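Below is the file entry14.txt, which contains compact mmCIF, C-alpha atoms.
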```
# COMPACT_ATOMS: atom_id res chain seq x y z
CA MET A 996 -11.87 19.65 39.02
CA ALA A 997 -8.32 20.43 40.08
CA GLU A 998 -5.58 20.02 37.48
CA ALA A 999 -2.54 17.92 38.30
CA ALA A 1000 0.67 19.92 38.58
CA ASP A 1001 4.24 19.08 37.63
CA ARG A 1002 7.19 19.59 39.98
CA ASN A 1003 7.37 23.31 39.16
CA GLY A 1004 3.72 23.84 40.02
CA ALA A 1005 2.63 24.24 36.40
CA ALA A 1006 -0.49 22.37 35.33
CA GLU A 1007 0.22 19.10 33.51
CA ARG A 1008 -1.10 19.23 29.99
CA ILE A 1009 -2.15 16.24 27.92
CA GLY A 1010 -1.44 16.28 24.20
CA TYR A 1011 -2.27 14.05 21.26
CA ILE A 1012 0.09 13.49 18.35
CA THR A 1013 -1.01 11.80 15.13
CA ARG A 1014 1.34 10.66 12.40
CA VAL A 1015 -0.09 9.59 9.05
CA GLN A 1016 1.53 6.84 6.99
CA SER A 1017 0.42 5.48 3.62
CA PHE A 1018 1.15 1.93 2.53
CA SER A 1019 -0.01 -0.44 -0.19
CA ALA A 1020 -0.95 -4.06 0.29
CA CYS A 1021 -3.15 -6.74 -1.21
CA HIS A 1022 -5.32 -9.37 0.42
CA ARG A 1023 -8.29 -11.66 -0.01
CA LEU A 1024 -11.17 -11.71 2.42
CA HIS A 1025 -11.64 -15.41 3.10
CA SER A 1026 -12.38 -17.19 6.36
CA ILE A 1027 -11.13 -20.73 6.92
CA HIS A 1028 -14.21 -21.17 9.14
CA LEU A 1029 -16.63 -20.69 6.24
CA SER A 1030 -17.32 -22.75 3.13
CA ASP A 1031 -16.35 -21.32 -0.26
CA GLU A 1032 -20.00 -20.52 -0.89
CA GLU A 1033 -20.39 -18.78 2.48
CA ASN A 1034 -17.19 -16.80 1.85
CA LYS A 1035 -18.54 -15.61 -1.51
CA LYS A 1036 -21.81 -14.61 0.13
CA VAL A 1037 -20.18 -12.76 3.07
CA TYR A 1038 -17.27 -11.07 1.28
CA GLY A 1039 -18.57 -10.71 -2.29
CA LYS A 1040 -16.03 -9.40 -4.78
CA CYS A 1041 -13.46 -9.06 -1.97
CA ASN A 1042 -13.33 -12.89 -1.90
CA ASN A 1043 -11.79 -12.96 -5.41
CA PRO A 1044 -9.30 -15.89 -5.37
CA ASN A 1045 -6.64 -13.61 -6.91
CA GLY A 1046 -7.13 -10.99 -4.20
CA HIS A 1047 -7.25 -7.22 -4.54
CA GLY A 1048 -5.22 -4.29 -3.30
CA HIS A 1049 -5.57 -1.07 -1.34
CA ASN A 1050 -3.61 2.09 -0.83
CA TYR A 1051 -4.14 2.26 2.92
CA LYS A 1052 -3.62 5.31 5.08
CA ALA A 1053 -2.83 4.66 8.74
CA GLU A 1054 -3.14 7.33 11.40
CA ILE A 1055 -1.32 6.48 14.61
CA THR A 1056 -2.22 8.68 17.58
CA VAL A 1057 -0.34 8.80 20.86
CA ARG A 1058 -1.58 10.54 24.01
CA GLY A 1059 0.46 11.68 26.95
CA LYS A 1060 1.76 14.43 29.16
CA ILE A 1061 3.52 17.26 27.38
CA ASP A 1062 7.00 17.20 28.89
CA HIS A 1063 7.81 20.56 30.49
CA VAL A 1064 11.45 20.35 29.37
CA THR A 1065 11.12 19.11 25.77
CA GLY A 1066 7.62 20.43 25.10
CA MET A 1067 6.73 17.10 23.49
CA VAL A 1068 4.48 14.13 24.21
CA MET A 1069 7.07 12.07 22.34
CA ASN A 1070 9.71 12.77 19.74
CA LEU A 1071 8.16 12.49 16.26
CA THR A 1072 11.37 10.92 14.98
CA ASP A 1073 10.85 8.06 17.44
CA LEU A 1074 7.20 7.69 16.42
CA LYS A 1075 8.24 7.60 12.75
CA ARG A 1076 10.78 4.85 13.52
CA CYS A 1077 8.12 2.78 15.33
CA ILE A 1078 5.74 3.15 12.39
CA GLU A 1079 8.47 2.05 9.96
CA GLU A 1080 9.11 -1.05 12.07
CA VAL A 1081 5.46 -1.99 12.62
CA ILE A 1082 3.75 -0.89 9.40
CA MET A 1083 6.14 -0.22 6.54
CA ASP A 1084 8.62 -3.08 6.93
CA PRO A 1085 6.11 -5.94 7.40
CA LEU A 1086 3.09 -4.61 5.44
CA ASP A 1087 4.03 -2.23 2.61
CA HIS A 1088 3.81 -3.82 -0.85
CA LYS A 1089 2.98 -7.19 0.70
CA ASN A 1090 0.27 -9.77 0.34
CA LEU A 1091 -1.18 -9.65 3.84
CA ASP A 1092 -2.46 -13.23 3.72
CA LYS A 1093 0.75 -14.79 2.42
CA ASP A 1094 3.53 -12.51 3.71
CA VAL A 1095 2.31 -11.68 7.23
CA PRO A 1096 2.15 -14.76 9.49
CA TYR A 1097 -0.52 -13.17 11.71
CA PHE A 1098 -3.02 -13.37 8.85
CA ALA A 1099 -2.45 -17.05 8.10
CA ASN A 1100 -5.49 -17.88 10.26
CA VAL A 1101 -7.01 -14.42 10.78
CA VAL A 1102 -9.17 -12.82 8.09
CA SER A 1103 -7.32 -9.76 6.78
CA THR A 1104 -10.19 -7.30 7.25
CA THR A 1105 -9.31 -3.71 8.00
CA GLU A 1106 -10.60 -4.26 11.54
CA ASN A 1107 -8.10 -7.08 12.06
CA LEU A 1108 -5.37 -5.04 10.37
CA ALA A 1109 -5.98 -2.26 12.92
CA VAL A 1110 -5.74 -4.81 15.76
CA TYR A 1111 -2.49 -6.19 14.29
CA ILE A 1112 -0.99 -2.70 14.09
CA TRP A 1113 -2.16 -1.84 17.63
CA ASP A 1114 -0.75 -5.05 19.11
CA ASN A 1115 2.62 -4.42 17.50
CA MET A 1116 2.77 -0.67 18.16
CA VAL A 1117 2.30 -1.19 21.92
CA LYS A 1118 5.39 -3.42 21.85
CA VAL A 1119 7.65 -0.66 20.47
CA LEU A 1120 6.16 2.52 21.98
CA PRO A 1121 6.71 3.70 25.55
CA PRO A 1122 4.06 2.27 27.91
CA ASN A 1123 0.54 3.74 27.89
CA LEU A 1124 1.16 6.19 25.02
CA LEU A 1125 -0.76 4.57 22.16
CA TYR A 1126 -4.23 6.09 21.94
CA GLU A 1127 -5.68 5.17 18.56
CA VAL A 1128 -5.06 3.36 15.30
CA LYS A 1129 -7.18 4.63 12.41
CA ILE A 1130 -6.98 2.86 9.05
CA HIS A 1131 -8.43 4.33 5.87
CA GLU A 1132 -9.00 1.38 3.56
CA THR A 1133 -10.64 3.67 0.99
CA ASP A 1134 -11.81 7.27 1.05
CA LYS A 1135 -15.15 6.00 2.36
CA ASN A 1136 -14.17 3.04 4.58
CA ILE A 1137 -12.33 3.86 7.81
CA VAL A 1138 -11.71 1.68 10.87
CA VAL A 1139 -10.78 2.97 14.31
CA TYR A 1140 -9.29 0.78 17.05
CA ARG A 1141 -8.36 1.90 20.55
CA GLY A 1142 -7.23 -1.35 22.12
CA GLU A 1143 -10.62 -2.30 23.50
```
Structure encoded using structure tokens:
Amino acid sequence: MAEAADRNGAAERIGYITRVQSFSACHRLHSIHLSDEENKKVYGKCNNPNGHGHNYKAEITVRGKIDHVTGMVMNLTDLKRCIEEVIMDPLDHKNLDKDVPYFANVVSTTENLAVYIWDNMVKVLPPNLLYEVKIHETDKNIVVYRGE
């Protein structure tokens, strides 16, 4: 397979950059579409009426051409600013269900949290750069979302 070339004839290279960001938030897994009994059965202790918290770790990966002038897929300072705007400002030290309007009618599972972050990251990043959102809810529970 032939490689694409830039204007100087050099092969275009694709790179991936991942920035990791930790944040803390609480939530309660509870669906408005289920009865209280069904919620308890589906979500178990995570349906505690007083909620529970996590120290999440988000990994945001962008994918793109490595610019032949700057040597970067994107400036990490810009990626950090986008993560601050999308993750830290609205989510850190918040009650997801009560402080984030998106979760008023959406169950605040880690899967839906990854979708929320994806949907908002694509609004602030350059087009077609976002590759993956990976959320570590715990050391053992990790969700990956790629916009599909």
(request) Rank nothing, just name the residue among A:Asp1087, A:Asp1031, A:Asp1094, A:Glu1106 nearest to A:His1131, using all atoms listed in the file. (result)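 Once distances to A:His1131 are computed over all atoms listed in the file, the minimum belongs to A:Glu1106.
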When you look at A:Val1057 with a cut-off of 7 Å (counting only C-alpha atoms), what residues show up, excluding the ones that are within fewer than 2 positions of it in the same chain? I need them as a compact mmCIF listing (two decimals) with C-alpha atoms, in the frame of the given file.
```
# COMPACT_ATOMS: atom_id res chain seq x y z
CA TYR A 1011 -2.27 14.05 21.26
CA ILE A 1012 0.09 13.49 18.35
CA THR A 1013 -1.01 11.80 15.13
CA ILE A 1055 -1.32 6.48 14.61
CA GLY A 1059 0.46 11.68 26.95
CA LEU A 1124 1.16 6.19 25.02
CA LEU A 1125 -0.76 4.57 22.16
CA TYR A 1126 -4.23 6.09 21.94
CA GLU A 1127 -5.68 5.17 18.56
```
(request) Choose the residue, out of A:Asn1045, A:Ser1019, A:Ser1026, A:Thr1133, that has the smallest atom-to-atom separation from A:Phe1098; count all atoms listed in the file. (result)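 Looking at the shortest contact to A:Phe1098, the residue is A:Ser1026.
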(message) From the options A:Glu1079, A:Asp1062, A:Glu1007, A:Glu1033, which residue's atoms come nearest to A:Ile1112, counting only C-alpha atoms?
(response)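 Checking each of A:Glu1079, A:Asp1062, A:Glu1007, A:Glu1033 against A:Ile1112, counting only C-alpha atoms, the winner is A:Glu1079.
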(message) From (-3.1, -2.8, 10.0), in the file's coordinates, out to 10 Å: which residues are reached, counting all atoms listed in the file? Answer as a list in words.
(response)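 Collected hits near the coordinates: Phe1018, Tyr1051, Lys1052, Ala1053, Val1081, Ile1082, Leu1086, Leu1091, Ser1103, Thr1104, Thr1105, Glu1106, Asn1107, Leu1108, Ala1109, Val1110, Tyr1111, Ile1112, Trp1113, Asp1114, Asn1115, Val1128, Lys1129, Ile1130, His1131, Glu1132 and Val1138 of chain A.
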(request) Quick one: pull the distance between atom CA of A:Ser1017 and atom CA of A:Asn1136, Å, one decimal. (result)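 Pair atom CA of A:Ser1017 / atom CA of A:Asn1136 returns 14.8 Å.
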(message) Just the number, please: distance in Å from atom CA of A:Lys1089 to atom CA of A:Gly1048, one decimal.
(response) 9.6 Å
